[in-house]
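Text of the file query.cif, holding mmCIF, C-alpha atoms:
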```
data_coords
loop_
_atom_site.label_atom_id
_atom_site.label_comp_id
_atom_site.auth_asym_id
_atom_site.auth_seq_id
_atom_site.Cartn_x
_atom_site.Cartn_y
_atom_site.Cartn_z
CA MET A 1 -19.17 -26.62 2.45
CA ALA A 2 -20.65 -24.59 -0.37
CA MET A 3 -18.62 -21.64 -1.65
CA HIS A 4 -20.23 -18.20 -1.44
CA HIS A 5 -19.72 -16.02 -4.48
CA GLY A 6 -21.44 -12.64 -4.00
CA THR A 7 -24.78 -10.91 -3.60
CA HIS A 8 -27.36 -9.04 -5.62
CA PRO A 9 -29.44 -6.07 -4.41
CA GLY A 10 -32.42 -8.22 -3.52
CA GLY A 11 -30.41 -10.52 -1.26
CA GLY A 12 -28.95 -13.97 -1.81
CA TRP A 13 -25.65 -15.01 -3.37
CA LEU A 14 -24.58 -14.25 -6.91
CA PRO A 15 -23.42 -17.11 -9.15
CA PRO A 16 -19.67 -17.27 -9.80
CA GLY A 17 -19.70 -15.57 -13.19
CA ARG A 18 -21.55 -12.39 -12.21
CA PRO A 19 -19.82 -9.27 -10.91
CA GLY A 20 -20.09 -7.74 -7.46
CA PRO A 21 -21.13 -4.14 -6.79
CA GLY A 22 -17.61 -2.71 -6.93
CA VAL A 23 -14.29 -3.24 -8.68
CA VAL A 24 -14.03 -6.97 -7.87
CA PRO A 25 -16.58 -9.78 -7.46
CA LEU A 26 -17.61 -10.76 -3.93
CA ARG A 27 -16.00 -14.18 -4.14
CA PRO A 28 -12.48 -15.64 -4.02
CA LEU A 29 -10.43 -13.70 -6.55
CA GLY A 30 -8.15 -14.98 -9.27
CA THR A 31 -4.96 -13.18 -10.22
CA SER A 32 -6.72 -11.64 -13.23
CA ASP A 33 -9.54 -10.43 -10.94
CA ILE A 34 -7.01 -8.71 -8.68
CA LEU A 35 -4.99 -7.04 -11.43
CA GLY A 36 -8.14 -6.10 -13.35
CA GLY A 37 -9.73 -4.81 -10.16
CA ALA A 38 -6.67 -2.65 -9.47
CA LEU A 39 -7.01 -1.06 -12.92
CA ALA A 40 -10.76 -0.64 -12.44
CA ALA A 41 -10.17 1.04 -9.07
CA LEU A 42 -7.61 3.31 -10.70
CA ARG A 43 -10.11 4.30 -13.39
CA ARG A 44 -12.96 4.85 -10.94
CA TYR A 45 -11.11 6.36 -7.99
CA GLY A 46 -7.80 7.48 -9.49
CA GLY A 47 -8.64 11.18 -9.42
CA THR A 48 -9.89 11.01 -5.84
CA LEU A 49 -6.86 8.98 -4.78
CA CYS A 50 -4.37 11.34 -6.40
CA GLY A 51 -6.24 14.32 -4.95
CA ALA A 52 -6.05 12.91 -1.42
CA LEU A 53 -2.39 12.01 -1.86
CA LEU A 54 -1.59 15.45 -3.23
CA LEU A 55 -3.37 17.13 -0.31
CA GLY A 56 -1.38 15.04 2.14
CA GLN A 57 1.87 15.74 0.30
CA LEU A 58 1.09 19.45 0.30
CA MET A 59 0.62 19.40 4.07
CA ALA A 60 3.84 17.46 4.56
CA GLY A 61 5.71 19.72 2.10
CA LEU A 62 4.71 22.80 4.03
CA LEU A 63 6.02 21.20 7.22
CA VAL A 64 9.30 20.29 5.49
CA ALA A 65 9.73 23.83 4.18
CA ALA A 66 8.92 25.30 7.60
CA ALA A 67 11.42 22.99 9.33
CA ALA A 68 14.20 23.79 6.85
CA GLY A 69 13.50 27.51 7.07
CA ALA A 70 13.42 27.45 10.86
CA ALA A 71 16.73 25.58 10.97
CA THR A 72 18.29 28.18 8.71
CA LEU A 73 16.98 31.06 10.81
CA ALA A 74 18.21 29.35 13.96
CA SER A 75 21.77 28.92 12.63
CA LEU A 76 24.43 30.67 14.66
CA SER A 77 25.97 32.61 11.80
CA PRO A 78 24.98 33.68 8.29
CA ARG A 79 27.98 31.80 6.94
CA SER A 80 26.74 28.46 8.27
CA GLY A 81 23.14 29.14 7.33
CA SER A 82 23.26 27.50 3.91
CA ARG A 83 24.97 24.41 5.32
CA VAL A 84 22.35 24.09 8.05
CA PHE A 85 19.61 24.47 5.45
CA VAL A 86 21.08 21.70 3.26
CA TRP A 87 21.70 19.32 6.16
CA THR A 88 18.15 19.90 7.36
CA LEU A 89 16.55 19.69 3.95
CA PHE A 90 17.95 16.29 2.97
CA PRO A 91 16.68 14.38 6.05
CA ALA A 92 13.38 16.26 5.78
CA ALA A 93 13.09 15.24 2.12
CA GLY A 94 13.76 11.63 3.11
CA LEU A 95 11.02 11.79 5.73
CA PHE A 96 8.74 13.32 3.11
CA LEU A 97 9.31 10.35 0.79
CA LEU A 98 8.67 7.89 3.63
CA PHE A 99 5.50 9.76 4.52
CA THR A 100 4.35 9.71 0.89
CA CYS A 101 4.75 5.93 0.62
CA ALA A 102 3.03 5.33 3.97
CA LEU A 103 0.18 7.72 3.17
CA ALA A 104 -0.38 6.06 -0.23
CA THR A 105 -0.76 2.68 1.47
CA ALA A 106 -3.03 4.10 4.18
CA LEU A 107 -5.19 5.70 1.47
CA ILE A 108 -5.51 2.35 -0.33
CA ALA A 109 -6.49 0.65 2.93
CA ALA A 110 -9.16 3.33 3.48
CA LEU A 111 -10.34 2.94 -0.12
CA LEU A 112 -10.73 -0.86 -0.04
CA ARG A 113 -14.23 -0.95 1.42
CA PRO A 114 -15.72 1.77 -0.84
CA ALA A 115 -14.01 0.24 -3.89
CA VAL A 116 -15.26 -3.29 -3.21
CA LEU A 117 -18.77 -2.03 -2.46
CA GLY A 118 -18.80 0.48 -5.34
CA ARG A 119 -19.44 3.46 -3.09
CA PRO A 120 -18.41 7.07 -3.80
CA VAL A 121 -15.70 8.71 -1.73
CA THR A 122 -14.21 12.20 -1.63
CA ALA A 123 -10.54 13.16 -1.48
CA PRO A 124 -10.85 15.00 1.88
CA GLY A 125 -12.87 12.12 3.36
CA LEU A 126 -10.32 9.58 2.17
CA LEU A 127 -7.46 11.65 3.55
CA LEU A 128 -9.16 12.07 6.93
CA ALA A 129 -9.68 8.31 7.15
CA ALA A 130 -6.07 7.54 6.18
CA LEU A 131 -4.05 10.06 8.19
CA PRO A 132 -4.59 8.51 11.65
CA ARG A 133 -3.31 5.15 10.37
CA THR A 134 -0.30 6.51 8.49
CA PRO A 135 2.19 6.20 11.41
CA ALA A 136 1.27 2.54 11.98
CA VAL A 137 1.47 1.86 8.23
CA LEU A 138 4.89 3.50 8.09
CA GLY A 139 6.03 1.38 11.03
CA ALA A 140 4.81 -1.77 9.28
CA GLN A 141 6.59 -0.78 6.06
CA LEU A 142 9.86 -0.14 7.89
CA LEU A 143 9.60 -3.42 9.83
CA ALA A 144 8.89 -5.34 6.62
CA LEU A 145 11.87 -3.69 4.93
CA LEU A 146 14.07 -4.42 7.94
CA ALA A 147 13.00 -8.07 8.01
CA ALA A 148 13.71 -8.55 4.30
CA ALA A 149 16.77 -6.38 3.68
CA GLY A 150 18.19 -5.76 7.16
CA PRO A 151 20.45 -8.84 7.37
CA LEU A 152 21.83 -8.21 3.87
CA ALA A 153 22.53 -4.56 4.68
CA VAL A 154 24.31 -5.48 7.92
CA LEU A 155 26.53 -8.05 6.19
CA LEU A 156 27.44 -5.62 3.41
CA ALA A 157 28.17 -2.89 5.96
CA LEU A 158 30.49 -5.30 7.80
CA GLY A 159 32.47 -5.76 4.60
CA VAL A 160 31.18 -9.16 3.50
CA PRO A 161 31.71 -9.47 -0.28
CA PRO A 162 28.49 -9.07 -2.29
CA LEU A 163 28.98 -12.48 -3.93
CA ALA A 164 29.00 -14.09 -0.49
CA VAL A 165 25.69 -12.41 0.31
CA LEU A 166 23.94 -13.60 -2.87
CA PRO A 167 22.73 -16.93 -1.35
CA LEU A 168 20.67 -14.89 1.13
CA LEU A 169 18.70 -13.14 -1.62
CA PRO A 170 16.04 -15.90 -1.87
CA VAL A 171 15.54 -15.65 1.91
CA ALA A 172 15.15 -11.87 1.63
CA LEU A 173 12.63 -12.31 -1.19
CA TRP A 174 10.70 -14.90 0.80
CA LEU A 175 10.52 -12.62 3.84
CA GLY A 176 9.60 -9.62 1.69
CA VAL A 177 6.62 -11.39 0.12
CA LEU A 178 5.60 -12.89 3.45
CA SER A 179 5.39 -9.40 4.96
CA SER A 180 3.93 -7.72 1.86
CA LEU A 181 0.41 -7.40 3.31
CA ALA A 182 1.54 -5.92 6.63
CA PRO A 183 1.08 -2.24 5.65
CA THR A 184 -2.44 -2.90 4.33
CA ALA A 185 -3.33 -4.86 7.46
CA ALA A 186 -2.01 -2.02 9.63
CA GLY A 187 -4.23 0.45 7.78
CA TYR A 188 -7.37 -1.63 7.34
CA GLU A 189 -7.47 -3.49 10.66
CA ARG A 190 -5.92 -0.69 12.77
CA LEU A 191 -3.08 -2.95 13.91
CA GLY A 192 0.28 -1.97 15.29
CA PRO A 193 3.36 -2.64 13.12
CA VAL A 194 4.38 -5.90 14.84
CA ALA A 195 0.83 -7.27 14.87
CA ALA A 196 0.46 -6.30 11.20
CA LEU A 197 3.64 -8.22 10.34
CA ARG A 198 2.29 -11.33 12.03
CA ARG A 199 -1.07 -10.83 10.32
CA SER A 200 0.58 -10.63 6.90
CA ALA A 201 2.53 -13.83 7.49
CA HIS A 202 -0.69 -15.58 8.51
CA LEU A 203 -2.56 -14.42 5.39
CA VAL A 204 0.25 -15.07 2.90
CA ARG A 205 1.14 -18.51 4.29
CA GLY A 206 0.06 -21.11 1.77
CA ALA A 207 -0.20 -18.55 -1.06
CA TRP A 208 3.38 -17.23 -1.30
CA TRP A 209 3.79 -17.76 -5.04
CA ARG A 210 0.43 -16.20 -5.72
CA ALA A 211 1.32 -13.16 -3.63
CA LEU A 212 4.54 -12.81 -5.61
CA ALA A 213 2.63 -13.11 -8.90
CA VAL A 214 0.29 -10.30 -7.85
CA THR A 215 2.75 -7.84 -6.29
CA ALA A 216 5.77 -8.22 -8.57
CA PRO A 217 4.11 -7.00 -11.81
CA ALA A 218 2.76 -3.92 -10.02
CA VAL A 219 6.20 -3.05 -8.64
CA VAL A 220 7.86 -3.57 -12.02
CA PHE A 221 5.21 -1.48 -13.80
CA THR A 222 5.55 1.34 -11.26
CA GLY A 223 9.33 1.37 -11.53
CA ALA A 224 9.19 1.40 -15.33
CA ALA A 225 6.57 4.17 -15.35
CA ALA A 226 8.59 6.30 -12.94
CA TYR A 227 11.75 5.84 -15.03
CA GLY A 228 9.83 6.70 -18.21
CA LEU A 229 8.39 9.88 -16.70
CA LEU A 230 11.82 10.92 -15.44
CA LEU A 231 13.44 10.17 -18.79
CA TRP A 232 10.82 11.92 -20.93
CA LEU A 233 9.89 14.87 -18.72
CA GLY A 234 12.89 15.40 -16.47
CA LEU A 235 12.20 17.00 -13.09
CA PRO A 236 8.48 17.59 -13.84
CA GLY A 237 8.21 13.91 -14.68
CA ALA A 238 9.88 12.95 -11.40
CA LEU A 239 7.44 15.16 -9.50
CA SER A 240 4.52 13.69 -11.44
CA ALA A 241 5.72 10.18 -10.59
CA LEU A 242 5.89 11.15 -6.91
CA VAL A 243 2.25 12.22 -7.01
CA LEU A 244 0.75 9.62 -9.35
CA LEU A 245 2.61 6.38 -8.76
CA PRO A 246 3.17 5.59 -5.04
CA ALA A 247 -0.36 4.26 -4.58
CA PHE A 248 -0.47 1.91 -7.57
CA PRO A 249 1.58 -1.04 -6.21
CA GLN A 250 -0.61 -0.98 -3.12
CA LEU A 251 -3.83 -1.49 -5.09
CA PRO A 252 -3.10 -5.11 -6.10
CA ALA A 253 -1.66 -5.77 -2.63
CA GLY A 254 -4.84 -4.40 -1.06
CA LEU A 255 -7.08 -6.54 -3.26
CA LEU A 256 -4.88 -9.57 -2.54
CA TYR A 257 -5.44 -8.83 1.15
CA VAL A 258 -9.19 -8.80 0.49
CA ASP A 259 -8.93 -12.12 -1.38
CA ARG A 260 -6.98 -13.80 1.40
CA ARG A 261 -9.57 -12.72 3.96
CA ILE A 262 -12.41 -13.84 1.69
CA ARG A 263 -10.84 -17.28 1.42
CA ARG A 264 -9.92 -17.64 5.08
CA GLU A 265 -12.37 -15.50 7.01
CA HIS A 266 -15.52 -15.14 4.83
CA LEU A 267 -14.97 -11.41 4.35
CA ALA A 268 -17.30 -11.53 1.33
CA GLU A 269 -20.20 -12.15 3.70
CA ALA A 270 -19.24 -9.12 5.80
CA PHE A 271 -18.99 -6.97 2.66
CA ALA A 272 -22.35 -8.27 1.47
CA ALA A 273 -23.93 -7.37 4.80
CA ASP A 274 -22.27 -3.94 4.61
CA GLY A 275 -23.77 -3.44 1.18
CA ARG A 276 -27.34 -3.73 2.40
CA PRO A 277 -29.18 -0.49 3.30
CA GLY A 278 -28.81 0.47 6.96
CA ALA A 279 -26.21 -2.20 7.65
CA PRO A 280 -23.56 -1.38 10.29
CA ARG A 281 -19.93 -1.28 9.28
CA THR A 282 -18.08 -4.57 9.75
CA GLY A 283 -14.46 -5.53 9.18
#
```
Please rewrite the model in this file as structure tokens.
Amino acid sequence: MAMHHGTHPGGGWLPPGRPGPGVVPLRPLGTSDILGGALAALRRYGGTLCGALLLGQLMAGLLVAAAAGAATLASLSPRSGSRVFVWTLFPAAGLFLLFTCALATALIAALLRPAVLGRPVTAPGLLLAALPRTPAVLGAQLLALLAAAGPLAVLLALGVPPLAVLPLLPVALWLGVLSSLAPTAAGYERLGPVAALRRSAHLVRGAWWRALAVTAPAVVFTGAAAYGLLLWLGLPGALSALVLLPAFPQLPAGLLYVDRRIRREHLAEAFAADGRPGAPRTG
């Protein structure tokens, strides 16, 4: 069967060497296409993405501050007020970080279609599209983390020596990569966490090493950038990293998700149909 490679405005399929309308060609993507497309998306939509993430973080931060303040006001005595504030603030801050990571992934899932089709998008519009899917994305992230690291954490908590746990690290890595597309699937396809986990395993199966080659550099780069900002700028750098960096590892993962669906489910044809004037949205 002939391979489809993309479209041009007048209809028909583009030859393999020509670009698509957006940040990646409408054809099966190589690793360089995915990583280059992630950088292109960051250049084209980075301001919008950071704006939407910052708006979401601002909303969540106000809720965190309100919850901590209410807990302090509700304390039984002025003497215990500071302790109540601290013990409320730390869990709230943890929830804020979880929300930030989930929202960043939901924003990338909402951005995939405009980015692939080269369409403009606004920060409020992106945020409105992402917020309803954030709980499911967070559930998928937590399930993926539990599947990969849960057994190791349980064994360490039971007192098993770390050296005895080392042989399980390859299994944890395998499960982590196998579930790496679950958050994007939860956001893009509106799946529940468990269904998204199964979907990720289906898409990654047969391309595990390629998924690792795409996601690992993005994670390493993000970690190094966050450490550099913290080291050079201190607390302002840490806050900048919290705003700027959570979405970046999800960009290559999102484009890998697009590639897997192009290869398995002819998603390029659906995108091409979406790109024509008056076409209905397809998924």
*Where does the PyMOL selection byres ((chain A and resi 210-213) around 10) land in this file, that is, which residues does it pick, as a ChimeraX atom specification?*
/A:30-31,173-174,176-178,180-181,203-209,214-218,252-253,256-257,260
Grab the residues selected above and save them as a compact mmCIF listing (two decimals), in the frame of the given file with C-alpha atoms.
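What follows is the written file again_27.txt:
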```
# COMPACT_ATOMS: atom_id res chain seq x y z
CA GLY A 30 -8.15 -14.98 -9.27
CA THR A 31 -4.96 -13.18 -10.22
CA LEU A 173 12.63 -12.31 -1.19
CA TRP A 174 10.70 -14.90 0.80
CA GLY A 176 9.60 -9.62 1.69
CA VAL A 177 6.62 -11.39 0.12
CA LEU A 178 5.60 -12.89 3.45
CA SER A 180 3.93 -7.72 1.86
CA LEU A 181 0.41 -7.40 3.31
CA LEU A 203 -2.56 -14.42 5.39
CA VAL A 204 0.25 -15.07 2.90
CA ARG A 205 1.14 -18.51 4.29
CA GLY A 206 0.06 -21.11 1.77
CA ALA A 207 -0.20 -18.55 -1.06
CA TRP A 208 3.38 -17.23 -1.30
CA TRP A 209 3.79 -17.76 -5.04
CA VAL A 214 0.29 -10.30 -7.85
CA THR A 215 2.75 -7.84 -6.29
CA ALA A 216 5.77 -8.22 -8.57
CA PRO A 217 4.11 -7.00 -11.81
CA ALA A 218 2.76 -3.92 -10.02
CA PRO A 252 -3.10 -5.11 -6.10
CA ALA A 253 -1.66 -5.77 -2.63
CA LEU A 256 -4.88 -9.57 -2.54
CA TYR A 257 -5.44 -8.83 1.15
CA ARG A 260 -6.98 -13.80 1.40
```
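Nearest to Leu138 in chain A of all the residues A:Leu103, A:Leu112, A:Ala164, A:Ala172 is A:Leu103, counting all atoms listed in the file.
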*Figure out the distance between CA of Leu155 in chain A and CA of Ala186 in chain A, please, to one decimal in Å.*
29.4 Å
*Pick out the residues sitting within 10 Å of Leu152 in chain A, and hand them over as a ChimeraX atom specification; count all atoms listed in the file, and ignore anything fewer than 2 positions along from it in its own chain.*
/A:146-150,154-158,160,162,165-166,168-169,171-172
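Going from CA of Leu54 in chain A over to CA of Gly187 in chain A, you cover 18.8 Å.
Coordinates place CA of Leu142 in chain A at a distance of 26.6 Å from CA of Arg264 in chain A.
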*asked:* Counting all atoms listed in the file, find residues at most 12 Å from (-9.0, 9.2, 5.9) (file frame) and give them as a ChimeraX atom specification.
replied: /A:48-49,52-53,55-56,103-112,121-134,187-188
*Just say which residues the PyMOL selection byres ((chain A and resi 223) around 12) picks in this file, as a PyMOL selection string.*
chain A and resi 216-222+224-230+238+241-242+245-246+248-249
*Of the candidates A:Ala273, A:Leu29, A:Leu197, A:Ala41, which one gets nearest to Val258 in chain A if we count only C-alpha atoms?*
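Between A:Ala273, A:Leu29, A:Leu197, A:Ala41, the residue approaching Val258 in chain A most closely is A:Leu29.
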*Looking at all atoms listed in the file, which of A:Leu35, A:Val194, A:Leu239, A:Leu251 is the one that sits closest to Gln57 in chain A?*
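Looking at the shortest contact to Gln57 in chain A, the residue is A:Leu239.
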*Of the candidates A:Arg199, A:Thr100, A:Ala136, A:Leu267, which one gets nearest to Leu58 in chain A if we count only C-alpha atoms?*
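Among the listed residues, the smallest separation from Leu58 in chain A belongs to A:Thr100.
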*Best match for closeness to Ala195 in chain A among A:Val24, A:Leu143, A:Leu231, A:Val116, counting only C-alpha atoms*: A:Leu143
*Have a look at A:Pro21, A:Ile262, A:Pro193, A:Ala272 and name the one nearest to Pro120 in chain A; count all atoms listed in the file.*
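Among A:Pro21, A:Ile262, A:Pro193, A:Ala272, it is A:Pro21 that comes nearest to Pro120 in chain A.
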